[in-house]
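So this one's start15.cif, mmCIF, C-alpha atoms (C1' of nucleotides):
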data_final
loop_
_atom_site.label_atom_id
_atom_site.label_comp_id
_atom_site.auth_asym_id
_atom_site.auth_seq_id
_atom_site.Cartn_x
_atom_site.Cartn_y
_atom_site.Cartn_z
CA MET F 1 5.78 -15.42 -113.14
CA CYS F 2 7.28 -16.43 -116.44
CA PRO F 3 8.38 -13.43 -118.45
CA THR F 4 6.81 -14.68 -121.65
CA PHE F 5 3.40 -14.34 -120.09
CA GLU F 6 4.08 -10.73 -119.22
CA GLU F 7 5.29 -10.19 -122.76
CA ALA F 8 2.13 -11.70 -124.16
CA LEU F 9 0.02 -9.53 -121.89
CA GLU F 10 1.85 -6.40 -122.82
CA LEU F 11 1.76 -7.10 -126.52
CA VAL F 12 -1.92 -7.86 -126.48
CA GLY F 13 -2.60 -5.01 -124.09
CA ARG F 14 -1.29 -2.39 -126.46
CA ARG F 15 -3.94 -0.18 -127.87
CA TRP F 16 -5.72 -1.54 -130.96
CA THR F 17 -3.97 -4.89 -130.86
CA GLY F 18 -7.04 -6.74 -129.69
CA ALA F 19 -9.16 -5.05 -132.29
CA ILE F 20 -6.72 -5.95 -135.04
CA LEU F 21 -6.53 -9.59 -134.04
CA THR F 22 -10.30 -9.81 -133.76
CA ALA F 23 -10.84 -8.13 -137.10
CA THR F 24 -8.38 -10.47 -138.75
CA HIS F 25 -10.10 -13.43 -137.19
CA GLN F 26 -13.35 -12.17 -138.65
CA GLY F 27 -12.00 -12.03 -142.15
CA VAL F 28 -10.37 -8.63 -142.51
CA THR F 29 -7.24 -8.88 -144.63
CA ARG F 30 -6.38 -5.55 -146.26
CA PHE F 31 -4.91 -2.38 -144.79
CA SER F 32 -7.86 -0.30 -145.89
CA GLU F 33 -10.26 -2.85 -144.48
CA TYR F 34 -8.68 -2.54 -141.06
CA ARG F 35 -8.96 1.21 -141.32
CA ALA F 36 -12.64 0.88 -142.08
CA ALA F 37 -13.31 -1.82 -139.50
CA ILE F 38 -11.48 -0.25 -136.60
CA ASP F 39 -12.93 3.08 -135.71
CA GLY F 40 -10.46 5.74 -134.69
CA ILE F 41 -7.19 4.03 -135.50
CA SER F 42 -4.64 6.08 -137.40
CA ASP F 43 -2.55 4.88 -140.31
CA ARG F 44 0.54 5.19 -138.22
CA LEU F 45 -0.67 3.02 -135.40
CA LEU F 46 -2.26 0.50 -137.71
CA SER F 47 0.95 0.13 -139.64
CA GLN F 48 2.95 -0.13 -136.45
CA ARG F 49 0.69 -2.74 -134.88
CA LEU F 50 0.59 -4.85 -138.02
CA LYS F 51 4.35 -4.82 -138.09
CA GLU F 52 4.61 -5.72 -134.42
CA LEU F 53 2.19 -8.58 -134.83
CA GLU F 54 4.03 -9.79 -137.88
CA THR F 55 7.35 -9.58 -136.05
CA ALA F 56 5.87 -11.52 -133.17
CA GLY F 57 4.87 -14.23 -135.60
CA LEU F 58 1.15 -13.76 -135.05
CA LEU F 59 0.24 -12.35 -138.44
CA ASP F 60 1.48 -13.36 -141.85
CA ARG F 61 1.91 -10.63 -144.40
CA ILE F 62 1.09 -11.91 -147.86
CA VAL F 63 2.15 -10.10 -151.00
CA VAL F 64 -0.14 -11.05 -153.85
CA PRO F 65 1.73 -10.44 -157.12
CA SER F 66 -1.12 -8.84 -159.02
CA THR F 67 -1.09 -5.43 -160.65
CA PRO F 68 -0.94 -3.53 -158.51
CA VAL F 69 0.35 -5.82 -155.81
CA GLN F 70 -2.03 -6.58 -153.02
CA ILE F 71 -1.02 -6.92 -149.42
CA ARG F 72 -3.02 -9.25 -147.27
CA TYR F 73 -2.72 -10.17 -143.65
CA ARG F 74 -3.88 -13.30 -141.99
CA LEU F 75 -3.47 -14.98 -138.65
CA SER F 76 -0.55 -17.33 -138.40
CA PRO F 77 -1.17 -20.64 -136.62
CA ASP F 78 0.23 -19.03 -133.47
CA GLY F 79 -1.95 -16.00 -133.99
CA LEU F 80 -5.02 -18.13 -134.32
CA GLU F 81 -4.15 -19.96 -131.13
CA LEU F 82 -3.74 -16.61 -129.43
CA VAL F 83 -7.14 -15.41 -130.54
CA GLU F 84 -8.64 -18.60 -129.22
CA ALA F 85 -6.74 -18.27 -125.96
CA LEU F 86 -8.24 -14.80 -125.58
CA GLN F 87 -11.81 -15.99 -125.82
CA PRO F 88 -12.25 -16.64 -122.10
CA LEU F 89 -11.03 -13.14 -121.41
CA ALA F 90 -13.49 -11.78 -123.94
CA GLN F 91 -16.27 -13.74 -122.28
CA TRP F 92 -15.20 -12.46 -118.92
CA SER F 93 -15.23 -8.83 -120.00
CA LEU F 94 -18.59 -9.33 -121.63
CA ARG F 95 -20.06 -10.88 -118.50
CA ARG F 96 -18.66 -8.06 -116.45
CA SER F 97 -20.03 -5.34 -118.65
CA VAL F 98 -23.42 -7.01 -118.54
CA ARG F 99 -23.21 -7.12 -114.77
CA GLY F 100 -22.41 -3.43 -114.78
CA ARG F 101 -18.83 -3.45 -113.56
CA ALA F 102 -15.99 -2.28 -115.79
CA ARG F 103 -14.84 1.14 -116.75
CA GLN F 104 -13.24 3.41 -114.07
CA THR F 105 -9.89 1.66 -114.37
CA SER F 106 -7.72 4.71 -114.93
CA SER F 107 -7.35 7.76 -112.71
CA ALA F 108 -3.78 7.37 -111.40
CA MET K 1 -14.97 -5.12 -130.98
CA CYS K 2 -16.64 -4.35 -127.69
CA PRO K 3 -14.81 -1.62 -125.80
CA THR K 4 -14.89 -3.50 -122.51
CA PHE K 5 -12.66 -6.15 -124.00
CA GLU K 6 -10.14 -3.52 -125.02
CA GLU K 7 -10.34 -2.12 -121.51
CA ALA K 8 -9.71 -5.50 -120.00
CA LEU K 9 -6.75 -6.05 -122.29
CA GLU K 10 -5.25 -2.69 -121.49
CA LEU K 11 -5.72 -3.07 -117.78
CA VAL K 12 -4.21 -6.51 -117.73
CA GLY K 13 -1.52 -5.50 -120.21
CA ARG K 14 -0.10 -2.86 -117.92
CA ARG K 15 3.27 -3.67 -116.57
CA TRP K 16 3.25 -5.82 -113.40
CA THR K 17 -0.50 -6.31 -113.42
CA GLY K 18 -0.24 -9.91 -114.49
CA ALA K 19 2.42 -10.59 -111.92
CA ILE K 20 0.35 -9.04 -109.17
CA LEU K 21 -2.74 -11.03 -110.04
CA THR K 22 -0.75 -14.22 -110.27
CA ALA K 23 1.01 -13.60 -106.99
CA THR K 24 -2.29 -12.88 -105.29
CA HIS K 25 -3.73 -16.04 -106.70
CA GLN K 26 -0.80 -17.92 -105.26
CA GLY K 27 -1.39 -16.61 -101.78
CA VAL K 28 0.47 -13.32 -101.57
CA THR K 29 -1.49 -10.84 -99.49
CA ARG K 30 0.78 -8.19 -98.00
CA PHE K 31 2.49 -5.20 -99.61
CA SER K 32 5.91 -6.38 -98.54
CA GLU K 33 5.18 -9.86 -99.84
CA TYR K 34 4.43 -8.49 -103.27
CA ARG K 35 7.66 -6.56 -103.16
CA ALA K 36 9.53 -9.73 -102.34
CA ALA K 37 7.66 -11.91 -104.81
CA ILE K 38 7.81 -9.59 -107.80
CA ASP K 39 11.33 -8.87 -108.77
CA GLY K 40 12.06 -5.35 -109.90
CA ILE K 41 8.80 -3.64 -109.07
CA SER K 42 9.04 -0.31 -107.30
CA ASP K 43 6.90 0.79 -104.38
CA ARG K 44 5.29 3.43 -106.50
CA LEU K 45 4.17 1.09 -109.22
CA LEU K 46 3.11 -1.61 -106.80
CA SER K 47 1.00 0.88 -104.90
CA GLN K 48 -0.45 2.25 -108.10
CA ARG K 49 -1.32 -1.14 -109.54
CA LEU K 50 -2.90 -2.35 -106.34
CA LYS K 51 -5.06 0.73 -106.31
CA GLU K 52 -6.02 0.30 -109.94
CA LEU K 53 -6.94 -3.31 -109.39
CA GLU K 54 -8.93 -2.40 -106.32
CA THR K 55 -10.73 0.37 -108.20
CA ALA K 56 -11.50 -2.05 -110.99
CA GLY K 57 -13.07 -4.35 -108.43
CA LEU K 58 -10.54 -7.13 -108.96
CA LEU K 59 -8.79 -6.95 -105.62
CA ASP K 60 -10.24 -6.41 -102.19
CA ARG K 61 -8.21 -4.40 -99.73
CA ILE K 62 -8.67 -5.70 -96.21
CA VAL K 63 -7.68 -3.69 -93.18
CA VAL K 64 -7.02 -5.98 -90.26
CA PRO K 65 -7.50 -3.99 -87.03
CA SER K 66 -4.48 -5.26 -85.18
CA THR K 67 -1.66 -3.18 -83.74
CA PRO K 68 -0.27 -2.04 -85.99
CA VAL K 69 -3.00 -2.47 -88.54
CA GLN K 70 -2.35 -4.97 -91.26
CA ILE K 71 -3.32 -4.47 -94.85
CA ARG K 72 -4.13 -7.55 -96.87
CA TYR K 73 -5.16 -7.95 -100.46
CA ARG K 74 -7.09 -10.76 -101.98
CA LEU K 75 -8.78 -11.48 -105.24
CA SER K 76 -12.41 -10.48 -105.44
CA PRO K 77 -14.78 -12.94 -107.12
CA ASP K 78 -14.36 -10.97 -110.34
CA GLY K 79 -10.62 -10.99 -109.92
CA LEU K 80 -10.57 -14.71 -109.45
CA GLU K 81 -12.64 -15.15 -112.58
CA LEU K 82 -10.19 -12.94 -114.41
CA VAL K 83 -7.22 -14.99 -113.30
CA GLU K 84 -8.99 -18.09 -114.48
CA ALA K 85 -9.88 -16.46 -117.77
CA LEU K 86 -6.21 -15.69 -118.26
CA GLN K 87 -5.10 -19.29 -117.90
CA PRO K 88 -5.44 -20.16 -121.60
CA LEU K 89 -3.29 -17.16 -122.42
CA ALA K 90 -0.73 -18.30 -119.89
CA GLN K 91 -0.76 -21.76 -121.42
CA TRP K 92 -0.38 -20.27 -124.85
CA SER K 93 2.62 -18.17 -123.91
CA LEU K 94 4.16 -21.14 -122.17
CA ARG K 95 3.72 -23.35 -125.23
CA ARG K 96 5.17 -20.64 -127.39
CA SER K 97 8.22 -20.14 -125.25
CA VAL K 98 8.80 -23.86 -125.25
CA ARG K 99 8.56 -23.89 -129.01
CA GLY K 100 11.12 -21.12 -129.11
CA ARG K 101 9.00 -18.28 -130.42
CA ALA K 102 8.38 -15.19 -128.30
CA ARG K 103 10.47 -12.18 -127.53
CA GLN K 104 11.31 -9.60 -130.29
CA THR K 105 7.95 -7.89 -129.91
CA SER K 106 9.13 -4.35 -129.39
CA SER K 107 11.37 -2.23 -131.66
CA ALA K 108 8.94 0.38 -132.85
"C1'" DC I 1 4.87 -1.67 -92.61
"C1'" DT I 2 2.30 0.65 -96.27
"C1'" DG I 3 2.30 3.59 -98.86
"C1'" DA I 4 2.28 9.06 -100.92
"C1'" DA I 5 5.02 12.89 -103.15
"C1'" DT I 6 8.23 14.51 -106.29
"C1'" DC I 7 11.16 14.55 -110.21
"C1'" DC I 8 12.68 12.89 -114.46
"C1'" DA I 9 13.36 9.94 -118.71
"C1'" DA I 10 11.31 7.06 -121.97
"C1'" DT I 11 7.57 5.51 -124.51
"C1'" DA I 12 3.07 5.53 -126.58
"C1'" DG I 13 -0.21 7.63 -129.08
"C1'" DG I 14 -2.72 11.26 -132.02
"C1'" DA I 15 -2.81 14.54 -136.14
"C1'" DT I 16 -1.30 15.66 -140.36
"C1'" DA I 17 1.14 15.56 -144.57
"C1'" DC I 18 3.52 13.04 -147.92
"C1'" DT I 19 5.18 8.96 -151.11
"C1'" DG I 20 5.96 4.70 -154.35
"C1'" DC P 1 -3.56 1.09 -152.05
"C1'" DA P 2 -0.35 0.70 -148.27
"C1'" DG P 3 2.10 2.66 -145.89
"C1'" DT P 4 6.25 6.70 -143.96
"C1'" DA P 5 7.80 10.86 -141.91
"C1'" DT P 6 7.40 14.41 -138.77
"C1'" DC P 7 5.82 16.78 -134.88
"C1'" DC P 8 3.95 17.20 -130.59
"C1'" DT P 9 1.48 15.87 -126.30
"C1'" DA P 10 0.11 12.65 -122.83
"C1'" DT P 11 0.98 8.75 -120.30
"C1'" DT P 12 4.14 5.37 -118.12
"C1'" DG P 13 7.48 3.91 -115.51
"C1'" DG P 14 11.78 4.28 -112.59
"C1'" DA P 15 14.40 6.31 -108.62
"C1'" DT P 16 14.39 8.53 -104.57
"C1'" DT P 17 12.67 10.71 -100.62
"C1'" DC P 18 9.26 11.42 -97.09
"C1'" DA P 19 5.35 10.15 -93.83
"C1'" DG P 20 1.55 8.09 -90.84
#
Show how you would write the structure in this file as structure tokens.
Amino acid sequence: MCPTFEEALELVGRRWTGAILTATHQGVTRFSEYRAAIDGISDRLLSQRLKELETAGLLDRIVVPSTPVQIRYRLSPDGLELVEALQPLAQWSLRRSVRGRARQTSSA
Amino acid sequence: MCPTFEEALELVGRRWTGAILTATHQGVTRFSEYRAAIDGISDRLLSQRLKELETAGLLDRIVVPSTPVQIRYRLSPDGLELVEALQPLAQWSLRRSVRGRARQTSSA
DNA sequence: CTGAATCCAATAGGATACTG
DNA sequence: CAGTATCCTATTGGATTCAG
């Protein structure tokens, strides 16, 4: 299997990453908005994930030169494509949860 | 975001999981075949992932009553749907790697 | 052949406090 | 507001050995 696919899976499989991408897709742009929109995420992880996604070229970090400066995030073209590419997976998990399967995936 | 989507992402984002699903989809069925097909995976992780995927209802573990018994794995209907749902993501990562983006996603 | 058991190193993640 | 820094624990993953 091509390694870039594994990389994509592992990036997107990191905790909170899906939630951040989804939130961004739904219009969330500010750090504090993510905090409010994503229940349970810590500042540290949010900051880390945003940076990872920016580094991966999936989010653009926009500095608005107001006073005080505002930081906004948005999906890059690649990021938008990714969110769209994840839709079938979202549908699948939704179908599955409706059918009753899901959960019990841990327990090593 | 619905928690089942996060669960799906985290399951599929675990190391080797994508490779195992792909290999299975391409006809791999035996433990030793996975070992041969997936470069670098250890017995421990292969065993663990197979069990996780079985527990999640994505793989079926078939015991063939020959002498000695043979163990075969195959995608369950859900697992097949999952593999199909992952195709857009695979396409996306392929497009991206062709375009030259990808990599540099780690470095916390 | 198909794993399970053990041991260890690395990484991820959570909580909290602090800063420009 | 938008993060950093620090600390600490839990989870992952790799290597190796053992077993039915």
Exercise for the section: Report as a PyMOL selection string the residues that result from applying the PyMOL selection byres ((chain K and resi 10) around 8) to the structure here. Expected result: (chain F and resi 12-15) or (chain K and resi 6-9+11-14)
Problem - Explicit residues for the PyMOL selection byres ((chain K) within 9 of (chain F)) (as a PyMOL selection string) - result: chain K and resi 1-2+4-19+22-23+38+48+51-53+55-57+78+81-82+84-94+96-97+101-108
Store the residues picked out above in a file with C-alpha atoms, as a PDB file, in the coordinates of the input.
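This went into result25.pdb:
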ATOM      1  CA  MET K   1     -14.970  -5.120-130.980  1.00  0.00           C
ATOM      2  CA  CYS K   2     -16.640  -4.350-127.690  1.00  0.00           C
ATOM      3  CA  THR K   4     -14.890  -3.500-122.510  1.00  0.00           C
ATOM      4  CA  PHE K   5     -12.660  -6.150-124.000  1.00  0.00           C
ATOM      5  CA  GLU K   6     -10.140  -3.520-125.020  1.00  0.00           C
ATOM      6  CA  GLU K   7     -10.340  -2.120-121.510  1.00  0.00           C
ATOM      7  CA  ALA K   8      -9.710  -5.500-120.000  1.00  0.00           C
ATOM      8  CA  LEU K   9      -6.750  -6.050-122.290  1.00  0.00           C
ATOM      9  CA  GLU K  10      -5.250  -2.690-121.490  1.00  0.00           C
ATOM     10  CA  LEU K  11      -5.720  -3.070-117.780  1.00  0.00           C
ATOM     11  CA  VAL K  12      -4.210  -6.510-117.730  1.00  0.00           C
ATOM     12  CA  GLY K  13      -1.520  -5.500-120.210  1.00  0.00           C
ATOM     13  CA  ARG K  14      -0.100  -2.860-117.920  1.00  0.00           C
ATOM     14  CA  ARG K  15       3.270  -3.670-116.570  1.00  0.00           C
ATOM     15  CA  TRP K  16       3.250  -5.820-113.400  1.00  0.00           C
ATOM     16  CA  THR K  17      -0.500  -6.310-113.420  1.00  0.00           C
ATOM     17  CA  GLY K  18      -0.240  -9.910-114.490  1.00  0.00           C
ATOM     18  CA  ALA K  19       2.420 -10.590-111.920  1.00  0.00           C
ATOM     19  CA  THR K  22      -0.750 -14.220-110.270  1.00  0.00           C
ATOM     20  CA  ALA K  23       1.010 -13.600-106.990  1.00  0.00           C
ATOM     21  CA  ILE K  38       7.810  -9.590-107.800  1.00  0.00           C
ATOM     22  CA  GLN K  48      -0.450   2.250-108.100  1.00  0.00           C
ATOM     23  CA  LYS K  51      -5.060   0.730-106.310  1.00  0.00           C
ATOM     24  CA  GLU K  52      -6.020   0.300-109.940  1.00  0.00           C
ATOM     25  CA  LEU K  53      -6.940  -3.310-109.390  1.00  0.00           C
ATOM     26  CA  THR K  55     -10.730   0.370-108.200  1.00  0.00           C
ATOM     27  CA  ALA K  56     -11.500  -2.050-110.990  1.00  0.00           C
ATOM     28  CA  GLY K  57     -13.070  -4.350-108.430  1.00  0.00           C
ATOM     29  CA  ASP K  78     -14.360 -10.970-110.340  1.00  0.00           C
ATOM     30  CA  GLU K  81     -12.640 -15.150-112.580  1.00  0.00           C
ATOM     31  CA  LEU K  82     -10.190 -12.940-114.410  1.00  0.00           C
ATOM     32  CA  GLU K  84      -8.990 -18.090-114.480  1.00  0.00           C
ATOM     33  CA  ALA K  85      -9.880 -16.460-117.770  1.00  0.00           C
ATOM     34  CA  LEU K  86      -6.210 -15.690-118.260  1.00  0.00           C
ATOM     35  CA  GLN K  87      -5.100 -19.290-117.900  1.00  0.00           C
ATOM     36  CA  PRO K  88      -5.440 -20.160-121.600  1.00  0.00           C
ATOM     37  CA  LEU K  89      -3.290 -17.160-122.420  1.00  0.00           C
ATOM     38  CA  ALA K  90      -0.730 -18.300-119.890  1.00  0.00           C
ATOM     39  CA  GLN K  91      -0.760 -21.760-121.420  1.00  0.00           C
ATOM     40  CA  TRP K  92      -0.380 -20.270-124.850  1.00  0.00           C
ATOM     41  CA  SER K  93       2.620 -18.170-123.910  1.00  0.00           C
ATOM     42  CA  LEU K  94       4.160 -21.140-122.170  1.00  0.00           C
ATOM     43  CA  ARG K  96       5.170 -20.640-127.390  1.00  0.00           C
ATOM     44  CA  SER K  97       8.220 -20.140-125.250  1.00  0.00           C
ATOM     45  CA  ARG K 101       9.000 -18.280-130.420  1.00  0.00           C
ATOM     46  CA  ALA K 102       8.380 -15.190-128.300  1.00  0.00           C
ATOM     47  CA  ARG K 103      10.470 -12.180-127.530  1.00  0.00           C
ATOM     48  CA  GLN K 104      11.310  -9.600-130.290  1.00  0.00           C
ATOM     49  CA  THR K 105       7.950  -7.890-129.910  1.00  0.00           C
ATOM     50  CA  SER K 106       9.130  -4.350-129.390  1.00  0.00           C
ATOM     51  CA  SER K 107      11.370  -2.230-131.660  1.00  0.00           C
ATOM     52  CA  ALA K 108       8.940   0.380-132.850  1.00  0.00           C
TER      53      ALA K 108
END
Output the residue selection produced by the PyMOL selection byres ((chain K) within 12 of (chain I)) on the file above, formatted as a short mmCIF file (atom, residue, chain, number, x, y, z; two decimals) with C-alpha atoms, in the frame of the given file.
data_model
loop_
_atom_site.label_atom_id
_atom_site.label_comp_id
_atom_site.auth_asym_id
_atom_site.auth_seq_id
_atom_site.Cartn_x
_atom_site.Cartn_y
_atom_site.Cartn_z
CA ARG K 30 0.78 -8.19 -98.00
CA PHE K 31 2.49 -5.20 -99.61
CA SER K 32 5.91 -6.38 -98.54
CA GLU K 33 5.18 -9.86 -99.84
CA TYR K 34 4.43 -8.49 -103.27
CA ARG K 35 7.66 -6.56 -103.16
CA SER K 42 9.04 -0.31 -107.30
CA ASP K 43 6.90 0.79 -104.38
CA ARG K 44 5.29 3.43 -106.50
CA LEU K 45 4.17 1.09 -109.22
CA LEU K 46 3.11 -1.61 -106.80
CA SER K 47 1.00 0.88 -104.90
CA GLN K 48 -0.45 2.25 -108.10
CA LEU K 50 -2.90 -2.35 -106.34
CA LYS K 51 -5.06 0.73 -106.31
CA VAL K 63 -7.68 -3.69 -93.18
CA THR K 67 -1.66 -3.18 -83.74
CA PRO K 68 -0.27 -2.04 -85.99
CA VAL K 69 -3.00 -2.47 -88.54
CA GLN K 70 -2.35 -4.97 -91.26
CA ILE K 71 -3.32 -4.47 -94.85
CA ARG K 72 -4.13 -7.55 -96.87
CA SER K 106 9.13 -4.35 -129.39
CA SER K 107 11.37 -2.23 -131.66
CA ALA K 108 8.94 0.38 -132.85
#
Problem - Atom-to-atom span, CA of Pro77 in chain K and CA of Leu80 in chain F, Å - result: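 Atom-to-atom, CA of Pro77 in chain K to CA of Leu80 in chain F, that is 29.4 Å.
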Exercise for the section: At a cut-off of 12 Å, list the chain P residues touching chain K, using all atoms listed in the file, as an MDAnalysis selection string. Expected result: chainID P and resid 11:17 20
For the residues in the current selection, export C-alpha atoms (C1' of nucleotides) as a compact mmCIF listing (two decimals), keeping the file's coordinate frame.
# COMPACT_ATOMS: atom_id res chain seq x y z
C1' DT P 11 0.98 8.75 -120.30
C1' DT P 12 4.14 5.37 -118.12
C1' DG P 13 7.48 3.91 -115.51
C1' DG P 14 11.78 4.28 -112.59
C1' DA P 15 14.40 6.31 -108.62
C1' DT P 16 14.39 8.53 -104.57
C1' DT P 17 12.67 10.71 -100.62
C1' DG P 20 1.55 8.09 -90.84
Handout entry: Length of the CA of Ile62 in chain K to CA of Gly40 in chain K vector [Å]
Key =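 One can read the CA of Ile62 in chain K to CA of Gly40 in chain K distance as 24.8 Å.
If you look at CA of Tyr73 in chain K and CA of Val98 in chain F, they are 25.7 Å away from each other.
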Generate N, CA and C atoms for range 43-65 of chain K and emit them as an mmCIF file, in the frame of the given file.
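out.cif, freshly written:
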data_model
loop_
_atom_site.group_PDB
_atom_site.id
_atom_site.type_symbol
_atom_site.label_atom_id
_atom_site.label_comp_id
_atom_site.auth_asym_id
_atom_site.auth_seq_id
_atom_site.Cartn_x
_atom_site.Cartn_y
_atom_site.Cartn_z
ATOM 1 N N ASP K 43 8.016 0.506 -105.279
ATOM 2 C CA ASP K 43 6.900 0.790 -104.380
ATOM 3 C C ASP K 43 5.810 1.586 -105.095
ATOM 4 N N ARG K 44 6.261 2.548 -105.855
ATOM 5 C CA ARG K 44 5.290 3.430 -106.500
ATOM 6 C C ARG K 44 4.363 2.641 -107.421
ATOM 7 N N LEU K 45 4.969 1.839 -108.264
ATOM 8 C CA LEU K 45 4.170 1.090 -109.220
ATOM 9 C C LEU K 45 3.323 0.036 -108.530
ATOM 10 N N LEU K 46 3.886 -0.607 -107.522
ATOM 11 C CA LEU K 46 3.110 -1.610 -106.800
ATOM 12 C C LEU K 46 1.875 -0.958 -106.179
ATOM 13 N N SER K 47 2.104 0.156 -105.521
ATOM 14 C CA SER K 47 1.000 0.880 -104.900
ATOM 15 C C SER K 47 -0.043 1.282 -105.940
ATOM 16 N N GLN K 48 0.442 1.781 -107.051
ATOM 17 C CA GLN K 48 -0.450 2.250 -108.100
ATOM 18 C C GLN K 48 -1.281 1.105 -108.671
ATOM 19 N N ARG K 49 -0.615 0.008 -108.965
ATOM 20 C CA ARG K 49 -1.320 -1.140 -109.540
ATOM 21 C C ARG K 49 -2.344 -1.720 -108.575
ATOM 22 N N LEU K 50 -1.958 -1.821 -107.325
ATOM 23 C CA LEU K 50 -2.900 -2.350 -106.340
ATOM 24 C C LEU K 50 -4.146 -1.479 -106.291
ATOM 25 N N LYS K 51 -3.920 -0.181 -106.362
ATOM 26 C CA LYS K 51 -5.060 0.730 -106.310
ATOM 27 C C LYS K 51 -5.932 0.589 -107.562
ATOM 28 N N GLU K 52 -5.273 0.472 -108.702
ATOM 29 C CA GLU K 52 -6.020 0.300 -109.940
ATOM 30 C C GLU K 52 -6.862 -0.975 -109.910
ATOM 31 N N LEU K 53 -6.233 -2.025 -109.423
ATOM 32 C CA LEU K 53 -6.940 -3.310 -109.390
ATOM 33 C C LEU K 53 -8.074 -3.270 -108.378
ATOM 34 N N GLU K 54 -7.858 -2.541 -107.311
ATOM 35 C CA GLU K 54 -8.930 -2.400 -106.320
ATOM 36 C C GLU K 54 -10.073 -1.578 -106.919
ATOM 37 N N THR K 55 -9.710 -0.476 -107.566
ATOM 38 C CA THR K 55 -10.730 0.370 -108.200
ATOM 39 C C THR K 55 -11.518 -0.403 -109.251
ATOM 40 N N ALA K 56 -10.827 -1.265 -109.954
ATOM 41 C CA ALA K 56 -11.500 -2.050 -110.990
ATOM 42 C C ALA K 56 -12.336 -3.175 -110.390
ATOM 43 N N GLY K 57 -12.273 -3.321 -109.080
ATOM 44 C CA GLY K 57 -13.070 -4.350 -108.430
ATOM 45 C C GLY K 57 -12.480 -5.742 -108.549
ATOM 46 N N LEU K 58 -11.180 -5.817 -108.774
ATOM 47 C CA LEU K 58 -10.540 -7.130 -108.960
ATOM 48 C C LEU K 58 -9.814 -7.585 -107.710
ATOM 49 N N LEU K 59 -9.415 -6.630 -106.902
ATOM 50 C CA LEU K 59 -8.790 -6.950 -105.620
ATOM 51 C C LEU K 59 -9.613 -6.318 -104.504
ATOM 52 N N ASP K 60 -9.670 -7.010 -103.382
ATOM 53 C CA ASP K 60 -10.240 -6.410 -102.190
ATOM 54 C C ASP K 60 -9.100 -6.042 -101.249
ATOM 55 N N ARG K 61 -9.203 -4.878 -100.676
ATOM 56 C CA ARG K 61 -8.210 -4.400 -99.730
ATOM 57 C C ARG K 61 -8.797 -4.548 -98.335
ATOM 58 N N ILE K 62 -8.141 -5.375 -97.535
ATOM 59 C CA ILE K 62 -8.670 -5.700 -96.210
ATOM 60 C C ILE K 62 -7.800 -5.051 -95.153
ATOM 61 N N VAL K 63 -8.412 -4.295 -94.287
ATOM 62 C CA VAL K 63 -7.680 -3.690 -93.180
ATOM 63 C C VAL K 63 -7.943 -4.519 -91.927
ATOM 64 N N VAL K 64 -6.892 -5.156 -91.457
ATOM 65 C CA VAL K 64 -7.020 -5.980 -90.260
ATOM 66 C C VAL K 64 -6.702 -5.106 -89.052
ATOM 67 N N PRO K 65 -7.665 -4.918 -88.151
ATOM 68 C CA PRO K 65 -7.500 -3.990 -87.030
ATOM 69 C C PRO K 65 -6.659 -4.554 -85.895
#
